[in-house]
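Peer 1: So I've got this file, structure.cif, and it contains mmCIF, C-alpha atoms:
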data_final
loop_
_atom_site.label_atom_id
_atom_site.label_comp_id
_atom_site.auth_asym_id
_atom_site.auth_seq_id
_atom_site.Cartn_x
_atom_site.Cartn_y
_atom_site.Cartn_z
CA MET A 1 0.00 0.00 0.00
CA LYS A 2 1.44 3.36 -1.03
CA LYS A 3 1.89 5.96 1.71
CA THR A 4 -0.30 8.51 -0.03
CA PHE A 5 -3.22 6.06 -0.20
CA ALA A 6 -2.68 5.13 3.43
CA LEU A 7 -3.06 8.84 4.25
CA ILE A 8 -6.39 8.96 2.42
CA PHE A 9 -7.61 6.01 4.51
CA ILE A 10 -6.55 7.63 7.78
CA GLY A 11 -7.96 10.95 6.57
CA VAL A 12 -11.39 9.35 6.26
CA LEU A 13 -11.13 8.23 9.89
CA LEU A 14 -10.21 11.73 11.04
CA GLY A 15 -12.82 13.43 8.90
CA SER A 16 -12.72 17.21 8.84
CA THR A 17 -9.70 17.49 11.14
CA LEU A 18 -7.45 17.38 8.07
CA ALA A 19 -8.61 20.86 7.14
CA PHE A 20 -6.14 22.29 9.64
CA ALA A 21 -2.72 22.81 8.08
CA SER A 22 0.44 22.09 10.01
CA VAL A 23 3.60 24.12 10.36
CA LYS A 24 5.67 20.96 9.91
CA MET A 25 6.56 19.66 6.46
CA PHE A 26 9.05 17.17 5.03
CA SER A 27 11.77 17.94 2.51
CA ASP A 28 10.29 15.60 -0.13
CA VAL A 29 6.69 16.84 0.21
CA PRO A 30 6.24 20.06 -1.83
CA ASN A 31 3.62 22.49 -0.54
CA ASN A 32 1.63 22.42 -3.79
CA THR A 33 0.98 18.65 -3.97
CA TRP A 34 -2.53 17.25 -3.59
CA TYR A 35 -1.55 15.39 -0.42
CA SER A 36 0.77 17.94 1.26
CA GLU A 37 -1.92 19.39 3.55
CA SER A 38 -2.90 15.93 4.76
CA VAL A 39 0.72 14.94 5.40
CA GLY A 40 1.38 18.15 7.32
CA SER A 41 -1.81 17.86 9.39
CA LEU A 42 -1.13 14.24 10.36
CA ALA A 43 2.48 15.08 11.23
CA ASP A 44 1.26 17.92 13.45
CA LYS A 45 -1.03 15.48 15.27
CA GLY A 46 1.82 13.01 15.80
CA ILE A 47 0.26 10.31 13.62
CA VAL A 48 3.09 10.25 11.04
CA SER A 49 6.70 11.19 11.73
CA GLY A 50 8.76 10.47 8.61
CA TYR A 51 12.41 9.45 8.61
CA LYS A 52 15.43 10.71 10.54
CA ASP A 53 16.76 12.54 7.48
CA GLY A 54 13.65 14.75 7.37
CA THR A 55 11.96 12.95 4.47
CA PHE A 56 8.53 11.36 4.31
CA GLY A 57 8.89 8.95 1.38
CA PRO A 58 5.45 9.55 -0.19
CA GLY A 59 6.11 7.04 -2.97
CA LYS A 60 7.23 4.21 -0.69
CA ASN A 61 5.06 1.27 0.24
CA VAL A 62 3.62 1.09 3.76
CA SER A 63 4.43 -2.05 5.71
CA ARG A 64 1.92 -3.72 8.01
CA ALA A 65 3.98 -2.54 10.98
CA GLU A 66 3.92 1.11 9.82
CA LEU A 67 0.19 0.98 9.15
CA ALA A 68 -0.43 -0.53 12.59
CA VAL A 69 1.51 2.30 14.23
CA MET A 70 -0.38 4.98 12.28
CA LEU A 71 -3.76 3.45 13.10
CA ASP A 72 -2.83 3.10 16.77
CA ARG A 73 -1.80 6.77 16.91
CA THR A 74 -5.04 7.73 15.14
CA ILE A 75 -7.13 5.86 17.72
CA GLU A 76 -5.17 7.47 20.56
CA TYR A 77 -5.69 10.90 19.02
CA ILE A 78 -9.45 10.32 18.77
CA GLU A 79 -9.69 8.95 22.31
CA ASN A 80 -7.80 11.99 23.63
CA GLY A 81 -10.59 14.30 22.58
CA ALA A 82 -10.60 14.81 18.79
CA VAL A 83 -14.15 15.37 17.51
CA LEU A 84 -15.05 13.88 14.12
CA SER A 85 -17.62 16.46 13.15
CA SER A 86 -17.87 20.04 11.90
CA SER A 87 -18.43 21.36 15.43
CA THR A 88 -15.83 23.55 17.12
CA SER A 89 -13.40 21.74 19.41
CA LEU A 90 -10.24 22.75 21.22
CA ALA A 91 -8.73 19.50 19.94
CA LYS A 92 -8.78 21.04 16.46
CA ILE A 93 -6.91 24.23 17.32
CA ALA A 94 -3.80 24.63 15.19
CA PHE A 95 -0.81 26.41 16.75
CA ASP A 96 2.18 28.14 15.26
CA SER A 97 5.64 27.04 16.39
CA CYS A 98 6.06 27.88 20.06
CA GLY A 99 8.72 30.42 20.92
CA PRO A 100 9.95 33.08 23.36
CA LEU A 101 7.47 35.69 24.57
CA SER A 102 9.47 38.33 22.73
CA LYS A 103 8.11 36.77 19.53
CA TYR A 104 4.60 37.91 20.47
CA GLU A 105 5.16 41.17 22.38
CA LYS A 106 4.31 43.35 19.35
CA LYS A 107 0.91 41.71 18.82
CA SER A 108 -2.01 44.11 19.28
CA TRP A 109 -3.54 41.98 22.05
CA PHE A 110 -0.34 41.51 24.08
CA SER A 111 -0.69 44.71 26.13
CA GLY A 112 -4.16 43.56 27.21
CA LEU A 113 -2.71 40.24 28.31
CA ASP A 114 0.02 42.05 30.24
CA SER A 115 -2.57 44.19 32.04
CA LYS A 116 -4.60 41.10 32.99
CA TYR A 117 -1.48 39.38 34.32
CA VAL A 118 -0.42 42.39 36.41
CA ALA A 119 -3.95 42.81 37.80
CA GLY A 120 -3.97 39.15 38.83
CA ASN A 121 -0.91 39.57 41.10
CA TYR A 122 0.76 36.43 39.78
CA GLY A 123 4.25 37.36 40.93
CA GLU A 124 5.83 39.96 38.63
CA ASP A 125 4.92 43.35 37.17
CA SER A 126 4.70 42.02 33.58
CA VAL A 127 4.49 38.82 31.52
CA GLY A 128 7.66 39.82 29.66
CA ALA A 129 10.90 38.38 28.28
CA PRO A 130 13.51 36.92 28.41
CA TYR A 131 12.62 33.56 29.94
CA GLY A 132 8.95 33.11 29.14
CA GLU A 133 7.59 31.05 26.25
CA GLY A 134 4.27 30.89 24.42
CA CYS A 135 2.21 29.19 21.71
CA LEU A 136 -0.32 31.16 19.64
CA SER A 137 -3.22 29.59 17.75
CA LEU A 138 -3.14 30.26 14.02
CA ASP A 139 -6.47 32.10 14.23
CA GLU A 140 -4.99 34.25 17.04
CA LYS A 141 -7.87 33.50 19.40
CA LEU A 142 -5.93 31.54 22.04
CA PHE A 143 -2.49 31.99 23.58
CA ILE A 144 -0.78 29.49 25.88
CA PHE A 145 2.23 30.82 27.76
CA ILE A 146 4.75 30.42 30.57
CA PRO A 147 5.45 33.90 32.02
CA SER A 148 8.90 35.26 32.74
CA ASP A 149 8.90 35.63 36.51
CA PHE A 150 11.62 34.88 39.09
CA ALA A 151 10.62 31.24 39.39
CA GLN A 152 10.66 30.81 35.61
CA ALA A 153 14.26 32.00 35.50
CA HIS A 154 15.11 29.02 37.71
CA GLY A 155 13.15 26.49 35.67
CA CYS A 156 9.91 26.41 37.64
CA GLY A 157 7.02 28.37 36.19
CA ARG A 158 3.27 28.05 35.65
CA ILE A 159 1.21 27.65 32.47
CA PHE A 160 -1.45 30.23 31.60
CA LYS A 161 -4.20 30.31 28.98
CA TYR A 162 -5.32 33.62 27.50
CA ASP A 163 -8.60 33.77 25.59
CA ILE A 164 -7.76 36.64 23.25
CA THR A 165 -11.31 37.07 21.94
CA ASN A 166 -12.80 37.50 25.42
CA SER A 167 -9.69 38.93 27.14
CA ALA A 168 -9.90 36.16 29.75
CA LEU A 169 -6.81 34.93 31.60
CA SER A 170 -6.60 31.70 33.62
CA LYS A 171 -3.83 29.68 35.24
CA ALA A 172 -3.55 25.91 35.07
CA PRO A 173 -3.80 24.53 38.62
CA GLY A 174 -1.63 21.82 40.15
CA ASN A 175 1.84 21.11 41.51
CA TYR A 176 4.19 21.29 38.53
CA CYS A 177 7.12 23.21 37.07
CA ALA A 178 7.21 24.38 33.47
CA VAL A 179 10.00 26.09 31.55
CA GLU A 180 9.38 25.24 27.89
CA PHE A 181 6.80 23.75 25.57
CA GLY A 182 7.40 20.71 23.39
CA SER A 183 5.35 19.20 20.59
CA ARG A 184 1.58 19.39 20.30
CA VAL A 185 -0.25 16.05 20.14
CA GLY A 186 -4.03 15.89 19.79
CA ASP A 187 -5.66 18.10 22.42
CA TYR A 188 -2.58 18.74 24.53
CA VAL A 189 0.88 20.26 24.31
CA GLN A 190 3.90 18.74 26.04
CA PHE A 191 6.00 20.74 28.50
CA SER A 192 9.05 20.28 30.71
CA GLY A 193 10.71 22.04 33.63
CA PHE A 194 12.83 21.54 36.72
CA ILE A 195 13.31 22.72 40.30
CA ASN A 196 16.40 22.96 42.52
CA ASP A 197 19.06 22.80 39.80
CA GLY A 198 21.69 20.37 41.09
CA GLY A 199 21.85 18.34 44.30
CA SER A 200 19.71 15.54 45.66
CA ALA A 201 16.60 17.76 45.83
CA CYS A 202 16.67 18.46 42.06
CA LYS A 203 13.56 17.29 40.20
CA GLU A 204 12.69 17.24 36.52
CA TYR A 205 9.08 17.71 35.46
CA SER A 206 7.51 16.51 32.22
CA GLY A 207 3.85 16.68 31.43
CA LYS A 208 0.92 17.44 29.19
CA TYR A 209 -1.11 20.64 29.21
CA TYR A 210 -4.69 20.10 28.02
CA PHE A 211 -6.32 23.03 26.22
CA ASP A 212 -9.82 21.89 27.11
CA GLY A 213 -10.21 22.36 30.86
CA ASN A 214 -6.88 24.18 31.33
CA THR A 215 -5.39 21.20 33.21
CA VAL A 216 -2.05 19.41 33.43
CA ASP A 217 -0.94 15.80 33.76
CA VAL A 218 2.63 15.72 35.09
CA SER A 219 5.31 13.25 36.18
CA THR A 220 8.61 13.86 38.00
CA LYS A 221 12.01 12.23 38.36
CA SER A 222 15.31 13.05 40.01
CA CYS A 223 17.73 15.14 37.95
#
Show me this structure written as structure tokens.
Peer 2:
Amino acid sequence: MKKTFALIFIGVLLGSTLAFASVKMFSDVPNNTWYSESVGSLADKGIVSGYKDGTFGPGKNVSRAELAVMLDRTIEYIENGAVLSSSTSLAKIAFDSCGPLSKYEKKSWFSGLDSKYVAGNYGEDSVGAPYGEGCLSLDEKLFIFIPSDFAQAHGCGRIFKYDITNSALSKAPGNYCAVEFGSRVGDYVQFSGFINDGGSACKEYSGKYYFDGNTVDVSTKSC
């Protein structure tokens, strides 16, 4: 089975979710091909990953093992909250590549976010650079970020969600440390952090931040 036809099969399972383009693309998948949007969307969801050299191999045959992995990831994506309908779902939100807060400071809505953060007395007098990090939805309606406060400079920060449309700011509850975002999979984005750099008390945190519900699922280990 060719990889491109395998993508069509998986695309039927995912329904309308393939309408959301990804920021990730492979070196051998031109942007103007009939299957490029599907490849990019599935890569963004973690269903396909390509090869170590950055290629996808669209003309190669799919083995039973590869197809099993793709189907398993598809099922996991659906079970984690993807909605196979035309209704709005946070699981469908497409994000740009996450980056430092300085990447977003010139956005028209950022000053409003800063005011909300200051008014909430979360620890510092601004969201600000240099240590914070954020992820902005492509429609610029939702912003996920780790602010640059004193704790963040030492690896232990908190994750916030800012509803740009309604100017609503909320903090994810729980006992966790966050310093940077990782890849987005389904309805969550991965994050990592640490506390007490060095020594026996040092702990590393890794977890998942869920857009829907503004919650985290975190695990820890010794540094």
Peer 1: Write out as number ranges by chain each polymer residue whose atoms come within 10 Å of A:Val189, counting all atoms listed in the file; drop sequence neighbours fewer than 6 positions from it.
Peer 2: A: 95, 135, 144, 181-183, 207-211, 216
Peer 1: Can you turn the PyMOL selection byres ((chain A and resi 170) around 10) into a concrete residue list for this file, as a list of chain:residue names?
Peer 2: A:Lys116, A:Tyr117, A:Gly120, A:Ile144, A:Ile159, A:Phe160, A:Lys161, A:Tyr162, A:Asp163, A:Ala168, A:Leu169, A:Lys171, A:Ala172, A:Pro173, A:Asn214
Peer 1: From (8.6, 16.1, 5.4), in the file's coordinates, out to 10 Å: which residues are reached, counting all atoms listed in the file? Answer as a PyMOL selection string.
Peer 2: chain A and resi 24-30+36+39-40+43+48-51+53-58
Peer 1: Using all atoms listed in the file, determine which residues lie at most 10 Å from A:Trp109, disregarding the query and same-chain residues fewer than 3 positions distant; provide the list as a list in words.
Peer 2: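 So, after excluding close chain neighbours, the residues are Tyr104, Glu105, Lys106, Gly112, Leu113, Asp114, Glu140, Lys141, Ile164, Thr165 and Ser167 of chain A.
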Peer 1: Excluding A:Val118 and residues on its chain fewer than 6 positions from it, collect all residues at most 12 Å away from it, counting all atoms listed in the file, and give them as a PDB file with C-alpha atoms, keeping the file's coordinate frame.
Peer 2:
ATOM      1  CA  SER A 111      -0.690  44.710  26.130  1.00  0.00           C
ATOM      2  CA  GLY A 112      -4.160  43.560  27.210  1.00  0.00           C
ATOM      3  CA  GLU A 124       5.830  39.960  38.630  1.00  0.00           C
ATOM      4  CA  ASP A 125       4.920  43.350  37.170  1.00  0.00           C
ATOM      5  CA  SER A 126       4.700  42.020  33.580  1.00  0.00           C
ATOM      6  CA  VAL A 127       4.490  38.820  31.520  1.00  0.00           C
ATOM      7  CA  GLY A 128       7.660  39.820  29.660  1.00  0.00           C
ATOM      8  CA  PRO A 147       5.450  33.900  32.020  1.00  0.00           C
ATOM      9  CA  ASP A 149       8.900  35.630  36.510  1.00  0.00           C
ATOM     10  CA  LEU A 169      -6.810  34.930  31.600  1.00  0.00           C
TER      11      LEU A 169
END
Peer 1: Just the number, please: distance in Å from atom CA of A:Leu67 to atom CA of A:Asp96, one decimal.
Peer 2: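 So the answer is 27.9 Å.
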Peer 1: Restricting the calculation to all atoms listed in the file: of A:Cys156, A:Ala68, A:Ala94, A:Leu101, which residue gets closest to A:Leu42?
Peer 2: A:Ala94
Peer 1: Name the residues in contact with A:Ser222 at a cut-off of 7 Å, using all atoms listed in the file, excluding same-chain residues fewer than 4 positions from it; report them as a CSV table (one decimal) with C-alpha atoms, in the frame of the given file.
Peer 2:
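Saved the output as around_34.csv:
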chain,number,residue,atom,x,y,z
A,202,CYS,CA,16.7,18.5,42.1
A,203,LYS,CA,13.6,17.3,40.2
A,204,GLU,CA,12.7,17.2,36.5
Peer 1: Could you tell me how far atom CA of A:Ser137 sits from atom CA of A:Ser41, in Å to one decimal place?
Peer 2: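 Computing the Euclidean distance for atom CA of A:Ser41 and atom CA of A:Ser137 yields 14.5 Å.
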Peer 1: Determine the nearest neighbour of A:Ile47 from the options A:Thr74, A:Ser108, A:Asn61, A:Ser148, counting all atoms listed in the file.
Peer 2: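 Answer, going by the shortest atom-to-atom distance: A:Thr74.
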Peer 1: Given the choices A:Glu37, A:Asp217, A:Ser200, A:Arg158, which gets closest to A:Tyr188 if the distance is worked out from all atoms listed in the file?
Peer 2: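 Closest to A:Tyr188 of all the choices is A:Asp217.
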Peer 1: Since the input has fewer atoms than a full residue there, write stretch 94-106 of chain A out with N, CA and C atoms, as a PDB file, in the frame of the given file.
Peer 2:
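Okay, this is what ended up in selection-v6.pdb:
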ATOM      1  N   ALA A  94      -5.135  24.721  15.762  1.00  0.00           N
ATOM      2  CA  ALA A  94      -3.800  24.630  15.190  1.00  0.00           C
ATOM      3  C   ALA A  94      -2.932  25.758  15.716  1.00  0.00           C
ATOM      4  N   PHE A  95      -1.720  25.423  16.179  1.00  0.00           N
ATOM      5  CA  PHE A  95      -0.810  26.410  16.750  1.00  0.00           C
ATOM      6  C   PHE A  95       0.377  26.666  15.836  1.00  0.00           C
ATOM      7  N   ASP A  96       0.940  27.868  15.949  1.00  0.00           N
ATOM      8  CA  ASP A  96       2.180  28.140  15.260  1.00  0.00           C
ATOM      9  C   ASP A  96       3.306  27.478  16.073  1.00  0.00           C
ATOM     10  N   SER A  97       4.531  27.593  15.619  1.00  0.00           N
ATOM     11  CA  SER A  97       5.640  27.040  16.390  1.00  0.00           C
ATOM     12  C   SER A  97       5.804  27.861  17.656  1.00  0.00           C
ATOM     13  N   CYS A  98       5.900  27.179  18.793  1.00  0.00           N
ATOM     14  CA  CYS A  98       6.060  27.880  20.060  1.00  0.00           C
ATOM     15  C   CYS A  98       7.400  28.599  20.091  1.00  0.00           C
ATOM     16  N   GLY A  99       7.481  29.668  20.861  1.00  0.00           N
ATOM     17  CA  GLY A  99       8.720  30.420  20.920  1.00  0.00           C
ATOM     18  C   GLY A  99       8.759  31.354  22.106  1.00  0.00           C
ATOM     19  N   PRO A 100       9.819  32.145  22.239  1.00  0.00           N
ATOM     20  CA  PRO A 100       9.950  33.080  23.360  1.00  0.00           C
ATOM     21  C   PRO A 100       8.852  34.143  23.333  1.00  0.00           C
ATOM     22  N   LEU A 101       8.522  34.679  24.491  1.00  0.00           N
ATOM     23  CA  LEU A 101       7.470  35.690  24.570  1.00  0.00           C
ATOM     24  C   LEU A 101       7.791  36.921  23.737  1.00  0.00           C
ATOM     25  N   SER A 102       9.066  37.179  23.543  1.00  0.00           N
ATOM     26  CA  SER A 102       9.470  38.330  22.730  1.00  0.00           C
ATOM     27  C   SER A 102       8.950  38.219  21.296  1.00  0.00           C
ATOM     28  N   LYS A 103       8.646  37.009  20.867  1.00  0.00           N
ATOM     29  CA  LYS A 103       8.110  36.770  19.530  1.00  0.00           C
ATOM     30  C   LYS A 103       6.704  37.340  19.384  1.00  0.00           C
ATOM     31  N   TYR A 104       6.005  37.499  20.507  1.00  0.00           N
ATOM     32  CA  TYR A 104       4.600  37.910  20.470  1.00  0.00           C
ATOM     33  C   TYR A 104       4.350  39.291  21.074  1.00  0.00           C
ATOM     34  N   GLU A 105       5.355  39.925  21.640  1.00  0.00           N
ATOM     35  CA  GLU A 105       5.160  41.170  22.380  1.00  0.00           C
ATOM     36  C   GLU A 105       4.611  42.321  21.532  1.00  0.00           C
ATOM     37  N   LYS A 106       4.791  42.274  20.208  1.00  0.00           N
ATOM     38  CA  LYS A 106       4.310  43.350  19.350  1.00  0.00           C
ATOM     39  C   LYS A 106       2.903  43.102  18.825  1.00  0.00           C
TER      40      LYS A 106
END
